[in-house]
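Chemist: Sharing coords21.txt here; it has compact mmCIF, C-alpha atoms.
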# COMPACT_ATOMS: atom_id res chain seq x y z
CA MET A 1 -98.70 -66.84 -21.09
CA LEU A 2 -101.46 -66.61 -23.72
CA ASP A 3 -100.81 -62.86 -23.98
CA LEU A 4 -97.13 -63.54 -24.73
CA ILE A 5 -98.01 -66.08 -27.43
CA LEU A 6 -100.50 -63.67 -29.00
CA LEU A 7 -97.99 -60.79 -28.86
CA SER A 8 -95.18 -62.80 -30.41
CA SER A 9 -97.49 -63.97 -33.20
CA HIS A 10 -97.94 -60.31 -34.18
CA LEU A 11 -94.23 -59.52 -34.29
CA PRO A 12 -93.22 -59.06 -37.93
CA SER A 13 -90.38 -61.61 -37.91
CA SER A 14 -90.74 -61.92 -41.69
CA ASN A 15 -88.99 -58.52 -41.89
CA LEU A 16 -85.67 -60.19 -41.14
CA PRO A 17 -84.61 -60.21 -44.85
CA TYR A 18 -84.99 -56.43 -44.85
CA LEU A 19 -82.88 -56.16 -41.72
CA PHE A 20 -80.07 -58.22 -43.20
CA SER A 21 -80.30 -56.44 -46.56
CA ALA A 22 -79.86 -53.07 -44.87
CA PHE A 23 -76.76 -54.22 -43.01
CA ALA A 24 -75.34 -56.04 -46.05
CA VAL A 25 -75.77 -52.98 -48.29
CA SER A 26 -74.13 -50.80 -45.62
CA TRP A 27 -71.05 -53.01 -45.51
CA VAL A 28 -70.83 -53.32 -49.27
CA VAL A 29 -70.99 -49.55 -49.76
CA LEU A 30 -68.60 -48.67 -46.92
CA PHE A 31 -65.98 -51.27 -47.77
CA GLY A 32 -66.51 -50.72 -51.48
CA TYR A 33 -65.62 -47.06 -51.05
CA LEU A 34 -62.54 -47.89 -48.93
CA PHE A 35 -61.45 -50.48 -51.50
CA TYR A 36 -61.87 -47.91 -54.31
CA VAL A 37 -59.78 -45.30 -52.42
CA ASN A 38 -57.04 -47.79 -51.58
CA ARG A 39 -56.90 -49.13 -55.12
CA ARG A 40 -56.55 -45.62 -56.59
CA GLN A 41 -53.86 -44.88 -54.02
CA HIS A 42 -51.96 -48.00 -55.03
CA GLU A 43 -52.24 -47.24 -58.76
CA MET A 44 -51.11 -43.65 -58.30
CA LYS A 45 -48.11 -44.66 -56.19
CA LYS A 46 -47.09 -47.09 -58.92
CA GLU A 47 -47.38 -44.32 -61.49
CA ILE A 48 -45.36 -41.94 -59.29
CA ALA A 49 -42.62 -44.56 -58.88
CA ARG A 50 -42.53 -45.08 -62.65
CA LEU A 51 -42.35 -41.35 -63.40
CA GLN A 52 -39.66 -40.82 -60.75
CA LYS A 53 -37.57 -43.45 -62.49
CA VAL A 54 -38.07 -41.60 -65.79
CA LEU A 55 -36.91 -38.39 -64.09
CA GLU A 56 -33.87 -40.11 -62.58
CA ASP A 57 -32.95 -41.64 -65.93
CA ASP A 58 -33.05 -38.14 -67.41
CA GLN A 59 -30.57 -36.75 -64.87
CA PRO A 60 -27.16 -36.17 -66.45
CA GLU A 61 -24.45 -38.52 -65.08
CA GLY A 62 -21.58 -37.26 -62.95
CA MET B 1 -39.32 -33.64 -57.32
CA ALA B 2 -42.24 -35.26 -55.52
CA ASN B 3 -41.15 -37.10 -52.41
CA ILE B 4 -43.39 -40.07 -51.87
CA GLN B 5 -41.46 -41.33 -48.84
CA SER B 6 -43.34 -38.87 -46.63
CA MET B 7 -46.65 -40.40 -47.72
CA GLU B 8 -45.73 -43.97 -46.75
CA HIS B 9 -47.37 -45.51 -43.71
CA THR B 10 -45.13 -45.68 -40.68
CA GLY B 11 -46.20 -49.07 -39.50
CA SER B 12 -43.17 -51.31 -39.47
CA LEU B 13 -41.73 -52.83 -36.33
CA GLY B 14 -40.21 -50.39 -33.87
CA ARG B 15 -42.16 -47.32 -35.16
CA LEU B 16 -45.50 -45.92 -34.01
CA PRO B 17 -48.46 -46.73 -36.25
CA SER B 18 -49.81 -43.78 -38.20
CA LEU B 19 -52.95 -42.02 -37.06
CA LYS B 20 -54.81 -43.63 -39.95
CA THR B 21 -53.79 -47.13 -38.90
CA ALA B 22 -54.78 -46.39 -35.30
CA LEU B 23 -58.18 -45.09 -36.46
CA ALA B 24 -58.69 -48.22 -38.58
CA ALA B 25 -57.87 -50.51 -35.66
CA ILE B 26 -60.08 -48.63 -33.19
CA THR B 27 -62.94 -48.50 -35.70
CA GLY B 28 -62.67 -52.21 -36.44
CA VAL B 29 -62.85 -53.22 -32.80
CA MET B 30 -65.63 -50.77 -32.01
CA MET B 31 -67.66 -51.94 -35.00
CA LEU B 32 -67.44 -55.58 -33.91
CA VAL B 33 -68.66 -54.62 -30.44
CA ASP B 34 -71.39 -52.47 -32.01
CA LEU B 35 -72.68 -55.37 -34.08
CA TYR B 36 -72.74 -57.57 -30.99
CA LEU B 37 -74.71 -54.92 -29.08
CA ILE B 38 -77.16 -54.38 -31.93
CA PHE B 39 -77.95 -58.05 -32.53
CA MET B 40 -77.44 -59.63 -29.11
CA VAL B 41 -78.10 -56.95 -26.49
CA ALA B 42 -80.56 -54.44 -27.96
CA PRO B 43 -84.16 -55.30 -27.10
CA THR B 44 -86.58 -56.05 -29.93
CA ASP B 45 -89.05 -53.28 -30.60
CA SER B 46 -92.52 -54.43 -29.55
CA VAL B 47 -94.24 -52.78 -32.54
CA LEU B 48 -91.70 -52.81 -35.38
CA GLY B 49 -89.92 -56.05 -34.56
CA HIS B 50 -86.38 -56.91 -35.58
CA VAL B 51 -86.25 -54.57 -38.59
CA GLN B 52 -86.11 -51.68 -36.09
CA ARG B 53 -82.46 -52.64 -35.46
CA VAL B 54 -81.62 -50.89 -38.76
CA PHE B 55 -82.10 -47.74 -36.69
CA TYR B 56 -78.74 -48.34 -34.92
CA PHE B 57 -77.01 -47.90 -38.30
CA HIS B 58 -79.42 -45.58 -40.08
CA VAL B 59 -79.52 -42.80 -37.45
CA PRO B 60 -75.73 -42.58 -36.81
CA ILE B 61 -75.06 -42.73 -40.57
CA ALA B 62 -77.50 -39.89 -41.17
CA ILE B 63 -76.03 -37.78 -38.35
CA MET B 64 -72.48 -38.44 -39.64
CA SER B 65 -73.56 -37.17 -43.06
CA PHE B 66 -74.72 -33.93 -41.35
CA LEU B 67 -71.35 -33.72 -39.61
CA ALA B 68 -69.54 -34.32 -42.90
CA PHE B 69 -71.41 -31.48 -44.58
CA PHE B 70 -70.74 -29.23 -41.59
CA VAL B 71 -67.03 -29.94 -42.05
CA VAL B 72 -67.46 -29.10 -45.76
CA PHE B 73 -69.15 -25.84 -44.75
CA ILE B 74 -66.32 -24.84 -42.40
CA GLY B 75 -63.60 -26.04 -44.80
CA SER B 76 -65.17 -24.17 -47.71
CA LEU B 77 -65.56 -20.97 -45.68
CA MET B 78 -61.95 -21.11 -44.47
CA PHE B 79 -60.72 -21.87 -47.99
CA LEU B 80 -62.50 -18.83 -49.44
CA ILE B 81 -61.09 -16.64 -46.65
CA LYS B 82 -57.52 -17.98 -46.48
CA ARG B 83 -57.15 -19.67 -49.91
CA THR B 84 -54.92 -22.38 -48.44
CA PRO B 85 -55.12 -25.82 -50.13
CA LYS B 86 -55.32 -27.57 -46.74
CA TRP B 87 -58.89 -26.29 -46.18
CA ASP B 88 -59.93 -27.26 -49.68
CA ALA B 89 -58.54 -30.75 -49.11
CA ILE B 90 -60.51 -31.13 -45.88
CA ALA B 91 -63.72 -29.93 -47.53
CA HIS B 92 -63.24 -32.19 -50.56
CA ALA B 93 -62.51 -35.31 -48.52
CA SER B 94 -65.41 -34.65 -46.17
CA ALA B 95 -67.80 -34.03 -49.07
CA GLU B 96 -66.95 -37.31 -50.73
CA VAL B 97 -67.33 -39.25 -47.49
CA GLY B 98 -70.51 -37.31 -46.73
CA VAL B 99 -72.03 -38.37 -50.06
CA VAL B 100 -71.26 -42.00 -49.16
CA PHE B 101 -72.97 -41.57 -45.79
CA VAL B 102 -76.05 -39.78 -47.09
CA THR B 103 -76.40 -42.41 -49.82
CA LEU B 104 -76.37 -45.07 -47.14
CA ALA B 105 -78.84 -43.12 -45.00
CA LEU B 106 -81.23 -43.06 -47.96
CA ILE B 107 -80.73 -46.74 -48.82
CA THR B 108 -81.09 -48.03 -45.25
CA GLY B 109 -84.12 -45.79 -44.80
CA ILE B 110 -85.72 -47.12 -47.98
CA ILE B 111 -85.10 -50.72 -46.94
CA TRP B 112 -86.59 -50.05 -43.50
CA ALA B 113 -89.58 -48.24 -45.05
CA ARG B 114 -90.65 -51.13 -47.30
CA PRO B 115 -91.97 -53.46 -44.57
CA ILE B 116 -93.08 -50.64 -42.24
CA TRP B 117 -94.74 -48.16 -44.63
CA ASN B 118 -95.44 -50.76 -47.32
CA THR B 119 -93.62 -48.62 -49.87
CA TRP B 120 -89.98 -48.15 -50.97
CA TRP B 121 -90.39 -44.39 -51.37
CA THR B 122 -92.80 -41.60 -50.59
CA TRP B 123 -92.42 -37.88 -51.26
CA GLU B 124 -92.71 -36.92 -47.63
CA PRO B 125 -90.62 -34.04 -46.16
CA ARG B 126 -87.75 -35.96 -44.53
CA LEU B 127 -87.09 -38.23 -47.49
CA THR B 128 -87.48 -35.44 -50.03
CA THR B 129 -85.15 -33.01 -48.25
CA THR B 130 -82.58 -35.78 -47.73
CA LEU B 131 -82.68 -36.58 -51.45
CA ILE B 132 -82.12 -32.88 -52.16
CA LEU B 133 -79.15 -32.97 -49.76
CA TRP B 134 -77.71 -35.89 -51.70
CA LEU B 135 -78.16 -34.04 -54.99
CA ILE B 136 -76.48 -30.89 -53.61
CA TYR B 137 -73.32 -32.70 -52.60
CA VAL B 138 -73.18 -34.82 -55.72
CA ALA B 139 -73.30 -31.47 -57.52
CA TYR B 140 -70.42 -30.28 -55.29
CA LEU B 141 -68.30 -33.20 -56.51
CA MET B 142 -69.34 -32.72 -60.13
CA VAL B 143 -68.49 -29.02 -60.02
CA ARG B 144 -64.96 -29.95 -58.92
CA SER B 145 -64.61 -32.51 -61.70
CA TYR B 146 -65.99 -30.42 -64.54
CA ALA B 147 -64.60 -26.97 -63.70
CA PRO B 148 -62.15 -25.57 -66.30
CA SER B 149 -59.27 -25.66 -63.80
CA GLN B 150 -58.53 -27.13 -60.40
CA SER B 151 -58.34 -23.74 -58.70
CA LYS B 152 -61.66 -22.59 -60.19
CA GLY B 153 -63.22 -25.93 -59.26
CA ALA B 154 -62.15 -25.44 -55.66
CA ILE B 155 -63.73 -21.98 -55.53
CA TYR B 156 -67.01 -22.99 -57.21
CA ALA B 157 -67.24 -26.08 -55.00
CA ALA B 158 -66.61 -23.99 -51.88
CA VAL B 159 -69.57 -21.79 -52.80
CA VAL B 160 -71.77 -24.89 -53.29
CA GLY B 161 -70.49 -26.31 -50.00
CA ILE B 162 -71.45 -23.17 -48.09
CA ILE B 163 -74.87 -22.60 -49.64
CA GLY B 164 -75.72 -26.31 -49.74
CA PHE B 165 -75.30 -26.60 -45.98
CA ILE B 166 -78.60 -24.70 -45.60
CA ASP B 167 -80.36 -27.98 -46.39
CA VAL B 168 -78.89 -29.81 -43.38
CA PRO B 169 -81.03 -28.07 -40.72
CA ILE B 170 -83.98 -28.25 -43.12
CA VAL B 171 -83.58 -32.04 -43.24
CA TYR B 172 -83.38 -32.26 -39.45
CA TYR B 173 -86.36 -29.96 -38.79
CA SER B 174 -88.50 -31.30 -41.66
CA VAL B 175 -90.33 -33.76 -39.38
CA VAL B 176 -91.17 -30.89 -37.01
CA TRP B 177 -92.07 -28.15 -39.51
CA TRP B 178 -94.19 -30.27 -41.85
CA ARG B 179 -96.55 -33.21 -41.57
CA SER B 180 -94.33 -36.26 -41.92
CA ILE B 181 -94.72 -39.99 -41.50
CA HIS B 182 -91.01 -40.30 -40.72
CA PRO B 183 -90.40 -41.11 -37.02
CA SER B 184 -89.77 -38.06 -34.82
CA PRO B 185 -86.18 -37.24 -33.88
CA VAL B 186 -84.68 -39.35 -31.11
CA VAL B 187 -81.62 -37.12 -30.80
CA GLY B 188 -81.25 -33.36 -30.74
CA PRO B 189 -83.43 -30.47 -29.52
CA PHE B 190 -86.74 -32.01 -30.58
CA ALA B 191 -86.16 -35.49 -29.16
CA GLN B 192 -88.55 -36.37 -26.37
CA ALA B 193 -87.03 -37.34 -23.03
CA ASP B 194 -88.55 -40.83 -23.11
CA ALA B 195 -88.14 -41.34 -26.86
CA LEU B 196 -85.92 -44.36 -26.32
CA ASP B 197 -85.69 -47.22 -23.87
CA GLY B 198 -82.50 -46.94 -21.68
CA THR B 199 -80.66 -49.85 -23.33
CA MET B 200 -81.57 -48.66 -26.83
CA ALA B 201 -80.33 -45.17 -25.99
CA TRP B 202 -76.87 -46.20 -24.85
CA ILE B 203 -76.44 -48.65 -27.74
CA LEU B 204 -77.41 -45.84 -30.12
CA LEU B 205 -74.85 -43.57 -28.41
CA TYR B 206 -72.20 -46.25 -28.81
CA SER B 207 -73.12 -46.56 -32.52
CA PHE B 208 -72.70 -42.81 -32.90
CA ILE B 209 -69.20 -42.95 -31.45
CA THR B 210 -68.31 -45.96 -33.62
CA PHE B 211 -69.43 -44.19 -36.77
CA LEU B 212 -67.62 -41.04 -35.70
CA PHE B 213 -64.36 -42.99 -35.70
CA PHE B 214 -65.34 -44.61 -39.00
CA PHE B 215 -66.01 -41.17 -40.50
CA ALA B 216 -62.65 -39.86 -39.26
CA TYR B 217 -60.86 -42.89 -40.73
CA MET B 218 -62.58 -42.54 -44.11
CA VAL B 219 -61.73 -38.83 -44.29
CA ALA B 220 -58.10 -39.62 -43.35
CA GLU B 221 -57.94 -42.20 -46.18
CA ARG B 222 -59.41 -39.76 -48.68
CA MET B 223 -57.05 -36.97 -47.65
CA GLU B 224 -54.08 -39.26 -48.11
CA LEU B 225 -55.34 -40.07 -51.60
CA ARG B 226 -55.56 -36.35 -52.29
CA LYS B 227 -51.91 -35.89 -51.23
CA THR B 228 -50.93 -38.67 -53.62
CA GLU B 229 -52.94 -37.06 -56.43
CA GLU B 230 -51.13 -33.77 -55.82
CA ALA B 231 -47.73 -35.49 -55.81
CA LEU B 232 -48.58 -37.18 -59.11
CA GLY B 233 -49.67 -33.83 -60.53
CA ARG B 234 -46.37 -32.22 -59.49
CA ILE B 235 -44.23 -34.93 -61.00
CA ARG B 236 -46.20 -34.84 -64.28
CA PHE B 237 -45.78 -31.05 -64.38
CA THR B 238 -42.02 -31.45 -63.89
CA LEU B 239 -41.84 -33.95 -66.72
CA ARG B 240 -43.92 -31.72 -69.03
CA ARG B 241 -41.52 -28.83 -68.36
CA LYS B 242 -38.66 -31.11 -69.38
CA GLY B 243 -40.54 -31.98 -72.54
CA ARG B 244 -41.21 -35.61 -71.55
Starting from the coordinates I provided, produce the structure as structure tokens.

Modeler:
Amino acid sequence: MLDLILLSSHLPSSNLPYLFSAFAVSWVVLFGYLFYVNRRQHEMKKEIARLQKVLEDDQPEG
Amino acid sequence: MANIQSMEHTGSLGRLPSLKTALAAITGVMMLVDLYLIFMVAPTDSVLGHVQRVFYFHVPIAIMSFLAFFVVFIGSLMFLIKRTPKWDAIAHASAEVGVVFVTLALITGIIWARPIWNTWWTWEPRLTTTLILWLIYVAYLMVRSYAPSQSKGAIYAAVVGIIGFIDVPIVYYSVVWWRSIHPSPVVGPFAQADALDGTMAWILLYSFITFLFFFAYMVAERMELRKTEEALGRIRFTLRRKGR
């Protein structure tokens, strides 16, 4: 029992902030990249829709 | 005229979800399970403590970056041989995702190193060669952006993608070839049979598979963006020809 207490007192539990920082940064970067890609996709599709309308408006009637 | 209907997701009621949607769903579920395994099931390392759990993200992320650059290598080679845009698109998407993964591998490694090695950075072989890997593939992306034309950019980038891949095995073998304070490999030809406790090993394997799906999903997203970029380019070209 004493051995367990002594062992646990040497475990670096104060490293928990580093653990959570590593996971937090991972999520921010991964989801940040996905957000960036999706946002560009959305903006480009809007631009395509706008330009297609310009093209359609240019078509001669009849 | 560009047809954007073919690029829409097929996800409405009565139709099968697209591959991308399926990958996103599978990845999401697997990642939730992975987090549960990492924090609730994986045993605490007796020497390094809880911070060792970073390993279940750091190692798969690093290996996925190697996979990404291998895909860039193959895509670049096939593009130079066949000159079909499909291979260039695969290489480009994989390179961008690979840069994200190697950036994360460096960051998670640095955060792990601070409490363990008492330093954020040291110029030891594994870290140095990984930084070089990051620089090579950032250069790949810059070459594409700054080339005088898209077609020349694809060719120059393909050359960088092929030559740059030489650094991937150097990164892996760096802890074997040179004196390094980085932990020895736990996967691959130089991993020792008893390198990992049984539970740690299967949780690490599960993490690998989870990140493999995540990698595939991210590449699928990036390739769809590329298709949209090309469609926008075509429609702008059409309008320029009409003088608009």

Chemist: Between CA of Phe165 in chain B and CA of Arg179 in chain B, what is the distance in Å, rounded to a tenth?

Modeler: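 Separation of CA of Phe165 in chain B and CA of Arg179 in chain B: 22.7 Å.
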
Chemist: Return as a list in words the residues belonging to chain B that are within 7 Å of chain A, counting all atoms listed in the file.

Modeler: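 Taking all atoms listed in the file into account, Val47, Leu48, Gly49, His50, Val51, Val54, Leu104, Thr108, Ile111, Trp112, Pro115, Arg222, Leu225, Thr228 and Leu232 of chain B sit within 7 Å of chain A.
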
Chemist: Using only C-alpha atoms, find all polymer residues with an atom at most 9 Å away from the point (-78.7, -28.9, -45.3); report them as a list of chain:residue names.

Modeler: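 Output: B:Phe66, B:Phe69, B:Phe70, B:Thr129, B:Thr130, B:Ile132, B:Leu133, B:Ile136, B:Ile163, B:Gly164, B:Phe165, B:Ile166, B:Asp167, B:Val168, B:Pro169, B:Ile170, B:Val171, B:Tyr172.
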
Chemist: Could you turn the residues from that selection into a file that holds C-alpha atoms, as a PDB file, in the coordinates of the input?

Modeler:
ATOM      1  CA  PHE B  66     -74.720 -33.930 -41.350  1.00  0.00           C
ATOM      2  CA  PHE B  69     -71.410 -31.480 -44.580  1.00  0.00           C
ATOM      3  CA  PHE B  70     -70.740 -29.230 -41.590  1.00  0.00           C
ATOM      4  CA  THR B 129     -85.150 -33.010 -48.250  1.00  0.00           C
ATOM      5  CA  THR B 130     -82.580 -35.780 -47.730  1.00  0.00           C
ATOM      6  CA  ILE B 132     -82.120 -32.880 -52.160  1.00  0.00           C
ATOM      7  CA  LEU B 133     -79.150 -32.970 -49.760  1.00  0.00           C
ATOM      8  CA  ILE B 136     -76.480 -30.890 -53.610  1.00  0.00           C
ATOM      9  CA  ILE B 163     -74.870 -22.600 -49.640  1.00  0.00           C
ATOM     10  CA  GLY B 164     -75.720 -26.310 -49.740  1.00  0.00           C
ATOM     11  CA  PHE B 165     -75.300 -26.600 -45.980  1.00  0.00           C
ATOM     12  CA  ILE B 166     -78.600 -24.700 -45.600  1.00  0.00           C
ATOM     13  CA  ASP B 167     -80.360 -27.980 -46.390  1.00  0.00           C
ATOM     14  CA  VAL B 168     -78.890 -29.810 -43.380  1.00  0.00           C
ATOM     15  CA  PRO B 169     -81.030 -28.070 -40.720  1.00  0.00           C
ATOM     16  CA  ILE B 170     -83.980 -28.250 -43.120  1.00  0.00           C
ATOM     17  CA  VAL B 171     -83.580 -32.040 -43.240  1.00  0.00           C
ATOM     18  CA  TYR B 172     -83.380 -32.260 -39.450  1.00  0.00           C
TER      19      TYR B 172
END

Chemist: Quick one, how far is CA of Phe39 in chain B from CA of Tyr206 in chain B?

Modeler: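 Separation between CA of Phe39 in chain B and CA of Tyr206 in chain B: 13.6 Å.
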
Chemist: When distances are computed from all atoms listed in the file, which of B:Ala62, B:Ile81, B:Val176, B:Ile26 shows the smallest separation from Gly98 in chain B?

Modeler: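 Going through B:Ala62, B:Ile81, B:Val176, B:Ile26 one by one, the smallest distance to Gly98 in chain B is for B:Ala62.
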
Chemist: Grab the CA of Val72 in chain B to CA of Ala157 in chain B distance for me, in Å with one decimal place.

Modeler: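 Going from CA of Val72 in chain B over to CA of Ala157 in chain B covers 9.7 Å.
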